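Data file: data.csv. Format and content: CSV, C-alpha atoms and all ligand atoms.
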chain,number,residue,atom,x,y,z
T,26,MET,CA,14.9,-8.1,13.7
T,27,THR,CA,15.9,-10.1,10.6
T,28,GLU,CA,13.5,-8.6,8.1
T,29,PRO,CA,12.1,-5.2,7.4
T,30,LYS,CA,8.5,-4.6,8.2
T,31,ILE,CA,6.8,-3.8,4.9
T,32,VAL,CA,3.0,-3.1,5.1
T,33,LEU,CA,0.8,-3.1,2.0
T,34,TRP,CA,-2.5,-1.3,2.7
T,35,ASP,CA,-5.6,0.3,1.3
T,36,LEU,CA,-8.5,2.4,2.7
T,37,GLU,CA,-12.2,2.6,2.0
T,38,THR,CA,-13.7,5.9,3.0
T,39,ILE,CA,-17.3,7.2,3.3
T,40,PRO,CA,-18.8,10.7,3.6
T,41,ASN,CA,-19.6,11.8,7.1
T,42,LEU,CA,-23.0,13.3,6.2
T,43,SER,CA,-23.3,15.6,9.2
T,44,GLU,CA,-19.9,17.2,8.2
T,45,VAL,CA,-20.8,17.2,4.5
T,46,MET,CA,-24.1,19.0,5.3
T,47,LYS,CA,-22.3,21.8,7.1
T,48,ILE,CA,-20.4,22.6,3.9
T,49,MET,CA,-22.8,21.9,1.1
T,50,PRO,CA,-26.1,20.1,1.6
T,51,SER,CA,-26.3,18.9,-2.0
T,52,LEU,CA,-23.0,17.0,-1.8
T,53,SER,CA,-24.7,14.4,0.3
T,54,ASP,CA,-26.4,13.1,-2.9
T,55,TYR,CA,-23.0,12.4,-4.4
T,56,PRO,CA,-20.9,10.4,-1.9
T,57,GLY,CA,-18.4,9.5,-4.6
T,58,LEU,CA,-17.5,13.2,-5.0
T,59,THR,CA,-16.8,14.0,-1.4
T,60,LEU,CA,-13.3,12.6,-1.1
T,61,LYS,CA,-11.8,15.2,1.2
T,62,ALA,CA,-10.7,13.7,4.5
T,63,SER,CA,-11.9,16.7,6.5
T,64,ILE,CA,-15.5,15.7,5.7
T,65,ASN,CA,-15.1,11.9,5.3
T,66,SER,CA,-14.2,9.1,7.5
T,67,ILE,CA,-12.3,5.8,7.1
T,68,ILE,CA,-14.5,2.7,7.3
T,69,CYS,CA,-12.2,-0.1,6.2
T,70,PHE,CA,-8.4,-0.7,6.5
T,71,GLY,CA,-7.1,-3.5,4.4
T,72,TYR,CA,-3.5,-4.5,5.1
T,73,LYS,CA,-1.0,-7.2,4.8
T,74,ILE,CA,2.4,-7.4,6.4
T,75,TYR,CA,4.7,-8.5,3.6
T,76,GLY,CA,6.0,-12.0,4.0
T,77,THR,CA,3.1,-13.1,6.3
T,78,LYS,CA,0.2,-15.3,5.1
T,79,ASP,CA,-2.9,-13.4,6.0
T,80,THR,CA,-4.5,-10.4,4.4
T,81,ASN,CA,-6.6,-8.5,7.0
T,82,CYS,CA,-9.4,-6.0,6.9
T,83,ILE,CA,-10.5,-4.0,9.9
T,84,ASN,CA,-13.9,-2.6,9.6
T,85,ILE,CA,-15.4,0.3,11.5
T,86,TRP,CA,-18.6,-1.6,12.2
T,87,ASP,CA,-16.7,-4.4,13.9
T,88,LEU,CA,-15.2,-2.1,16.5
T,89,LYS,CA,-16.7,-1.1,19.9
T,90,ASN,CA,-18.1,2.2,18.7
T,91,LYS,CA,-20.5,1.2,16.0
T,92,ASN,CA,-21.0,4.7,14.6
T,93,ILE,CA,-19.9,4.5,11.0
T,94,ASN,CA,-18.8,8.2,11.0
T,95,ASP,CA,-16.6,8.0,14.1
T,96,ASP,CA,-13.3,6.6,12.8
T,97,TYR,CA,-11.3,7.5,15.9
T,98,GLU,CA,-10.8,3.9,17.0
T,99,LEU,CA,-10.0,2.7,13.5
T,100,CYS,CA,-7.5,5.6,12.9
T,101,LYS,CA,-5.8,4.6,16.2
T,102,ILE,CA,-5.4,1.0,15.0
T,103,ILE,CA,-4.1,2.1,11.6
T,104,GLN,CA,-1.6,4.4,13.2
T,105,ASP,CA,-0.5,1.6,15.4
T,106,THR,CA,-0.1,-0.8,12.6
T,107,LEU,CA,1.9,1.6,10.3
T,108,LYS,CA,3.9,3.7,12.8
T,109,ASP,CA,6.9,1.3,13.0
T,110,ALA,CA,6.9,0.1,9.4
T,111,ASP,CA,10.2,0.3,7.5
T,112,ALA,CA,8.2,0.8,4.3
T,113,ILE,CA,4.6,1.1,3.2
T,114,VAL,CA,3.1,0.0,-0.1
T,115,THR,CA,0.0,1.5,-1.6
T,116,HIS,CA,-1.6,2.2,-5.0
T,117,ASN,CA,-2.1,5.9,-5.5
T,118,GLY,CA,-1.5,6.3,-1.8
T,119,LYS,CA,0.9,9.2,-2.3
T,120,ARG,CA,-1.9,11.2,-3.7
T,121,PHE,CA,-4.8,9.9,-1.7
T,122,ASP,CA,-4.6,7.2,1.1
T,123,LEU,CA,-1.6,8.6,3.1
T,124,LYS,CA,-2.8,12.2,2.9
T,125,PHE,CA,-6.3,11.1,3.8
T,126,LEU,CA,-5.0,9.1,6.8
T,127,GLN,CA,-2.7,11.9,8.0
T,128,THR,CA,-5.7,14.3,7.9
T,129,ARG,CA,-7.9,12.0,9.9
T,130,LEU,CA,-5.1,11.5,12.5
T,131,ILE,CA,-4.8,15.3,12.9
T,132,PHE,CA,-8.6,15.6,13.2
T,133,HIS,CA,-8.6,13.1,16.1
T,134,GLY,CA,-5.5,14.6,17.8
T,135,LEU,CA,-3.6,11.4,17.2
T,136,PRO,CA,0.1,11.3,16.3
T,137,THR,CA,0.7,11.5,12.6
T,138,LEU,CA,2.9,9.0,10.8
T,139,PRO,CA,6.6,9.7,10.7
T,140,LYS,CA,8.5,9.7,7.4
T,141,ILE,CA,8.4,6.1,6.2
T,142,GLN,CA,9.7,4.9,2.8
T,143,HIS,CA,6.6,4.8,0.6
T,144,ILE,CA,6.3,2.7,-2.5
T,145,ASP,CA,3.4,3.6,-4.7
T,146,THR,CA,2.7,1.1,-7.4
T,147,CYS,CA,0.9,3.8,-9.4
T,148,THR,CA,4.0,6.0,-9.4
T,149,GLU,CA,6.3,3.1,-10.2
T,150,SER,CA,4.2,2.0,-13.1
T,151,LYS,CA,4.1,5.6,-14.5
T,152,LYS,CA,7.8,6.0,-14.1
T,153,ASN,CA,8.9,2.7,-15.6
T,154,LEU,CA,6.2,1.4,-18.0
T,155,LEU,CA,4.1,2.7,-20.8
T,156,MET,CA,0.7,1.5,-19.8
T,157,PHE,CA,-2.6,2.8,-21.3
T,158,ASN,CA,-3.5,3.8,-17.8
T,159,ASN,CA,-2.1,3.1,-14.4
T,160,ARG,CA,-5.2,2.0,-12.5
T,161,LEU,CA,-4.6,-0.9,-10.1
T,162,ASN,CA,-7.0,-3.1,-12.0
T,163,THR,CA,-5.4,-2.3,-15.4
T,164,LEU,CA,-2.0,-3.3,-14.0
T,165,ALA,CA,-3.4,-6.4,-12.3
T,166,LYS,CA,-5.1,-7.7,-15.5
T,167,PHE,CA,-2.0,-6.9,-17.5
T,168,MET,CA,0.7,-8.5,-15.3
T,169,THR,CA,-1.1,-10.9,-12.9
T,170,SER,CA,-3.8,-13.5,-12.9
T,171,GLU,CA,-5.7,-11.5,-10.2
T,172,GLU,CA,-8.4,-8.8,-10.6
T,173,LYS,CA,-10.1,-6.3,-8.4
T,174,MET,CA,-13.5,-7.4,-7.2
T,175,GLU,CA,-16.5,-6.0,-9.0
T,176,ASN,CA,-18.5,-3.8,-6.7
T,177,GLY,CA,-21.7,-1.9,-7.0
T,178,GLY,CA,-20.0,1.5,-7.4
T,179,TRP,CA,-21.6,4.4,-5.5
T,180,GLU,CA,-24.7,2.4,-4.8
T,181,LEU,CA,-22.6,0.1,-2.6
T,182,TRP,CA,-21.3,3.1,-0.7
T,183,VAL,CA,-24.8,4.5,-0.2
T,184,LYS,CA,-26.0,1.1,1.1
T,185,VAL,CA,-23.1,0.9,3.5
T,186,LEU,CA,-24.0,4.4,4.7
T,187,GLN,CA,-27.5,3.2,5.3
T,188,GLY,CA,-26.2,0.3,7.4
T,189,ASP,CA,-26.9,-2.6,5.0
T,190,LYS,CA,-25.1,-5.6,6.5
T,191,ARG,CA,-24.6,-7.4,3.2
T,192,SER,CA,-23.1,-4.3,1.6
T,193,MET,CA,-20.8,-3.9,4.5
T,194,LYS,CA,-19.5,-7.4,4.0
T,195,ILE,CA,-19.0,-6.8,0.2
T,196,MET,CA,-17.2,-3.6,1.0
T,197,SER,CA,-14.8,-5.4,3.4
T,198,GLU,CA,-14.1,-8.2,0.9
T,199,TYR,CA,-13.5,-5.5,-1.8
T,200,CYS,CA,-11.0,-3.8,0.4
T,201,LYS,CA,-9.2,-7.0,1.2
T,202,GLN,CA,-9.1,-8.1,-2.4
T,203,ASP,CA,-7.5,-4.7,-3.3
T,204,VAL,CA,-4.6,-5.6,-1.0
T,205,VAL,CA,-4.3,-9.1,-2.5
T,206,VAL,CA,-4.1,-7.5,-6.0
T,207,LEU,CA,-1.7,-4.7,-4.7
T,208,GLU,CA,0.7,-7.3,-3.5
T,209,LYS,CA,0.8,-9.2,-6.8
T,210,VAL,CA,1.4,-5.9,-8.7
T,211,PHE,CA,4.0,-4.9,-6.2
T,212,LYS,CA,5.9,-8.1,-6.8
T,213,LYS,CA,5.9,-7.6,-10.5
T,214,LEU,CA,7.2,-4.1,-10.2
T,215,MET,CA,9.8,-5.0,-7.6
T,216,PRO,CA,12.8,-4.9,-10.0
T,217,PHE,CA,12.1,-1.2,-10.6
T,218,ILE,CA,11.8,-0.2,-7.0
T,219,ASN,CA,14.9,1.4,-5.4
T,220,ASN,CA,13.5,2.8,-2.2
T,221,LEU,CA,12.7,-0.5,-0.4
T,222,PRO,CA,14.7,-1.1,2.8
T,223,ASN,CA,17.8,-3.2,2.1
T,224,HIS,CA,17.2,-6.7,3.5
T,225,ASN,CA,21.0,-7.1,4.0
T,226,ARG,CA,20.9,-4.4,6.7
T,227,TYR,CA,18.4,-6.4,8.8
T,228,SER,CA,20.3,-9.7,8.5
T,229,PRO,CA,23.3,-9.7,10.9
T,230,ILE,CA,25.4,-12.3,9.0
T,231,GLU,CA,24.4,-12.3,5.4
T,232,LYS,CA,25.5,-9.7,3.0
T,233,ASN,CA,24.5,-11.3,-0.3
T,234,LEU,CA,20.8,-11.3,-0.1
T,235,CYS,CA,18.6,-9.7,-2.7
T,236,PRO,CA,18.2,-6.2,-1.3
T,237,ASN,CA,14.6,-5.9,-2.3
T,238,CYS,CA,13.1,-9.3,-1.5
T,239,GLY,CA,15.6,-10.9,0.8
T,240,SER,CA,16.1,-14.0,-1.2
T,241,SER,CA,19.6,-15.7,-1.1
T,242,ARG,CA,19.2,-16.9,-4.7
T,243,VAL,CA,21.2,-14.1,-6.3
T,244,HIS,CA,23.4,-14.9,-9.3
T,245,ARG,CA,26.4,-13.0,-10.6
T,246,ASN,CA,25.4,-11.1,-13.8
T,247,GLY,CA,28.5,-9.4,-15.2
T,248,PHE,CA,29.7,-6.0,-14.2
T,249,ARG,CA,28.3,-2.6,-13.9
T,250,ASN,CA,30.6,0.2,-14.9
T,251,THR,CA,30.2,3.8,-13.8
T,252,LYS,CA,32.5,6.6,-14.8
T,253,THR,CA,34.7,6.0,-11.8
T,254,ASN,CA,34.0,2.4,-10.6
T,255,THR,CA,33.4,-1.1,-11.6
T,256,PHE,CA,30.8,-3.0,-9.6
T,257,LEU,CA,29.9,-6.7,-9.5
T,258,ARG,CA,26.4,-7.0,-10.7
T,259,TYR,CA,23.9,-9.6,-9.4
T,260,ARG,CA,20.4,-10.6,-10.3
T,261,CYS,CA,17.8,-12.1,-8.0
T,262,ILE,CA,16.2,-15.4,-9.3
T,263,ASP,CA,13.1,-14.8,-7.3
T,264,CYS,CA,12.1,-11.2,-7.9
T,265,GLY,CA,14.3,-10.1,-10.8
T,266,THR,CA,15.9,-7.2,-9.0
T,267,SER,CA,19.4,-6.2,-10.1
T,268,SER,CA,21.8,-5.2,-7.5
T,269,HIS,CA,25.5,-4.5,-7.2
T,270,ALA,CA,28.4,-4.5,-4.8
T,271,LYS,CA,32.0,-3.2,-4.9
T,272,THR,CA,33.4,-6.7,-4.2
T,273,ASP,CA,31.8,-9.9,-3.0
T,274,LYS,CA,32.7,-8.9,0.6
T,275,HIS,CA,30.5,-5.8,0.3
T,276,MET,CA,26.8,-5.6,0.9
T,277,LEU,CA,24.5,-5.9,-2.1
T,278,ASN,CA,22.5,-2.8,-3.0
T,279,THR,CA,20.1,-1.8,-5.7
T,280,ALA,CA,21.6,0.2,-8.5
E,301,ZN,ZN,14.8,-10.6,-5.0
Now, as a test, write the supplied structure out as structure tokens.
Ligand SMILES: [Zn+2]
Amino acid sequence: MTEPKIVLWDLETIPNLSEVMKIMPSLSDYPGLTLKASINSIICFGYKIYGTKDTNCINIWDLKNKNINDDYELCKIIQDTLKDADAIVTHNGKRFDLKFLQTRLIFHGLPTLPKIQHIDTCTESKKNLLMFNNRLNTLAKFMTSEEKMENGGWELWVKVLQGDKRSMKIMSEYCKQDVVVLEKVFKKLMPFINNLPNHNRYSPIEKNLCPNCGSSRVHRNGFRNTKTNTFLRYRCIDCGTSSHAKTDKHMLNTA
């Protein structure tokens, strides 16, 4: 193990109409309003393992059980992909995606995810920047050349519910593109993030890698003085993260 496993991911969900009808029949007219995981299911899981090339999307309709409202198999795959991650990255996943997933795992009697370092680009943006709003697309347009894909809004969700093949394809592409955009925004926010696993702990020999991105291109950048100590300060050429160490024999860590 020379690198931490960091997984960027995103979910698309859809109302399970038979569950929705049990609670409130009229809700079925408004799929966009039925976000609770107890009456919805997961239909797409977009993810990328940081540092690898491919962005993947696993769709419920590509699995053995073609029932769009039975997400057992998909939940199992998601659980399996995320369970051994050293960190996960989502946008607004602290409020939505992770809770949604944990609820679905409980529903299916599957093991829930353990405590994993969770980087939420929405939270990081709120904490460190002064943006007009912190939606993923706003951040993407502002700091990258990438944008979220245009989708048909609720109509697309309704068409997917009705089994329209073209809409399913669009939904899957939409989910994938969200992960592509998420990664770009994540990279831009990286210098602010201080709960990523430290790359130096995964590399047996090196001690002077950038703790956040693992690059060896770190330059000395003066000193960092606290009340009781003076640290050597470094800056990563590749991601811009500042880090420090007590001496050059010590492991670099984010401040
Ligand atoms: Zn770096």
(message) Using only C-alpha atoms for the distances, tell me which of T:Ile141, T:Cys69, T:Ile131, T:Leu154 is nearest to Phe217 (chain T).
(response) T:Leu154
(message) Neighbouring residues of Glu175 (chain T) were defined as those with any atom within 12 Å, considering only C-alpha atoms; residues of the same chain fewer than 6 positions away were excluded. Please report them as a PyMOL selection string.
(response) chain T and resi 162+181+195-196+198-200+202-203
(message) Using only C-alpha atoms and all ligand atoms, which residues have at least one atom no more than 9 Å from ligand ZN 301 (chain E)? Output them as a ChimeraX atom specification.
(response) /T:215-216,234-243,260-267
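Pairwise distance (CA of Leu214 (chain T), CA of Lys73 (chain T)) equals 17.4 Å.
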(request) Find the residues around region 256-259 of chain T up to 10 Å (only C-alpha atoms counted), leave out those fewer than 3 positions away in its own chain, and share them as JSON, numbers by chain. (result) {"T": [233, 234, 235, 242, 243, 244, 245, 246, 247, 248, 249, 250, 251, 262, 265, 266, 267, 268, 269, 270, 271, 272, 273, 275, 277, 278, 279, 280]}
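Surrounding residues of (-9.4, -12.8, -11.1) at most 12 Å away are Asn162, Ala165, Lys166, Phe167, Met168, Thr169, Ser170, Glu171, Glu172, Lys173, Met174, Glu175, Gln202, Asp203, Val205, Val206 and Lys209 of chain T (based on all atoms listed in the file).
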(message) Around (1.7, 0.9, 12.2), as given in the file, which residues come within 12 Å? Count all atoms listed in the file and list them as JSON, numbers by chain.
(response) {"T": [30, 31, 32, 33, 34, 70, 72, 73, 74, 99, 100, 101, 102, 103, 104, 105, 106, 107, 108, 109, 110, 111, 112, 113, 126, 136, 137, 138, 139, 141]}
May I have the selected residues written with C-alpha atoms, as a tab-separated table (two decimals), in the coordinates of the input?
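For reference, selection.tsv as written:
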chain	number	residue	atom	x	y	z
T	30	LYS	CA	8.50	-4.60	8.20
T	31	ILE	CA	6.80	-3.80	4.90
T	32	VAL	CA	3.00	-3.10	5.10
T	33	LEU	CA	0.80	-3.10	2.00
T	34	TRP	CA	-2.50	-1.30	2.70
T	70	PHE	CA	-8.40	-0.70	6.50
T	72	TYR	CA	-3.50	-4.50	5.10
T	73	LYS	CA	-1.00	-7.20	4.80
T	74	ILE	CA	2.40	-7.40	6.40
T	99	LEU	CA	-10.00	2.70	13.50
T	100	CYS	CA	-7.50	5.60	12.90
T	101	LYS	CA	-5.80	4.60	16.20
T	102	ILE	CA	-5.40	1.00	15.00
T	103	ILE	CA	-4.10	2.10	11.60
T	104	GLN	CA	-1.60	4.40	13.20
T	105	ASP	CA	-0.50	1.60	15.40
T	106	THR	CA	-0.10	-0.80	12.60
T	107	LEU	CA	1.90	1.60	10.30
T	108	LYS	CA	3.90	3.70	12.80
T	109	ASP	CA	6.90	1.30	13.00
T	110	ALA	CA	6.90	0.10	9.40
T	111	ASP	CA	10.20	0.30	7.50
T	112	ALA	CA	8.20	0.80	4.30
T	113	ILE	CA	4.60	1.10	3.20
T	126	LEU	CA	-5.00	9.10	6.80
T	136	PRO	CA	0.10	11.30	16.30
T	137	THR	CA	0.70	11.50	12.60
T	138	LEU	CA	2.90	9.00	10.80
T	139	PRO	CA	6.60	9.70	10.70
T	141	ILE	CA	8.40	6.10	6.20
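One distance worth recording is that between CA of Asn158 (chain T) and CA of Lys119 (chain T), which is 17.0 Å.
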(message) With distances taken over only C-alpha atoms, which residue among T:Asn176, T:Ser197, T:Ser43, T:Gln187 lies nearest Gly71 (chain T)?
(response) T:Ser197
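Note that CA of Val114 (chain T) and CA of Leu161 (chain T) are 12.7 Å apart.
Distance check against Asn41 (chain T) using all atoms listed in the file: of T:Lys89, T:Leu130, T:Val183, T:His116, the minimum falls on T:Val183.
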(request) Give the answer as one residue: which of T:Ile218, T:Val185, T:Met193, T:Val210 has the shortest atom-to-atom distance to Lys152 (chain T), using all atoms listed in the file? (result) T:Ile218
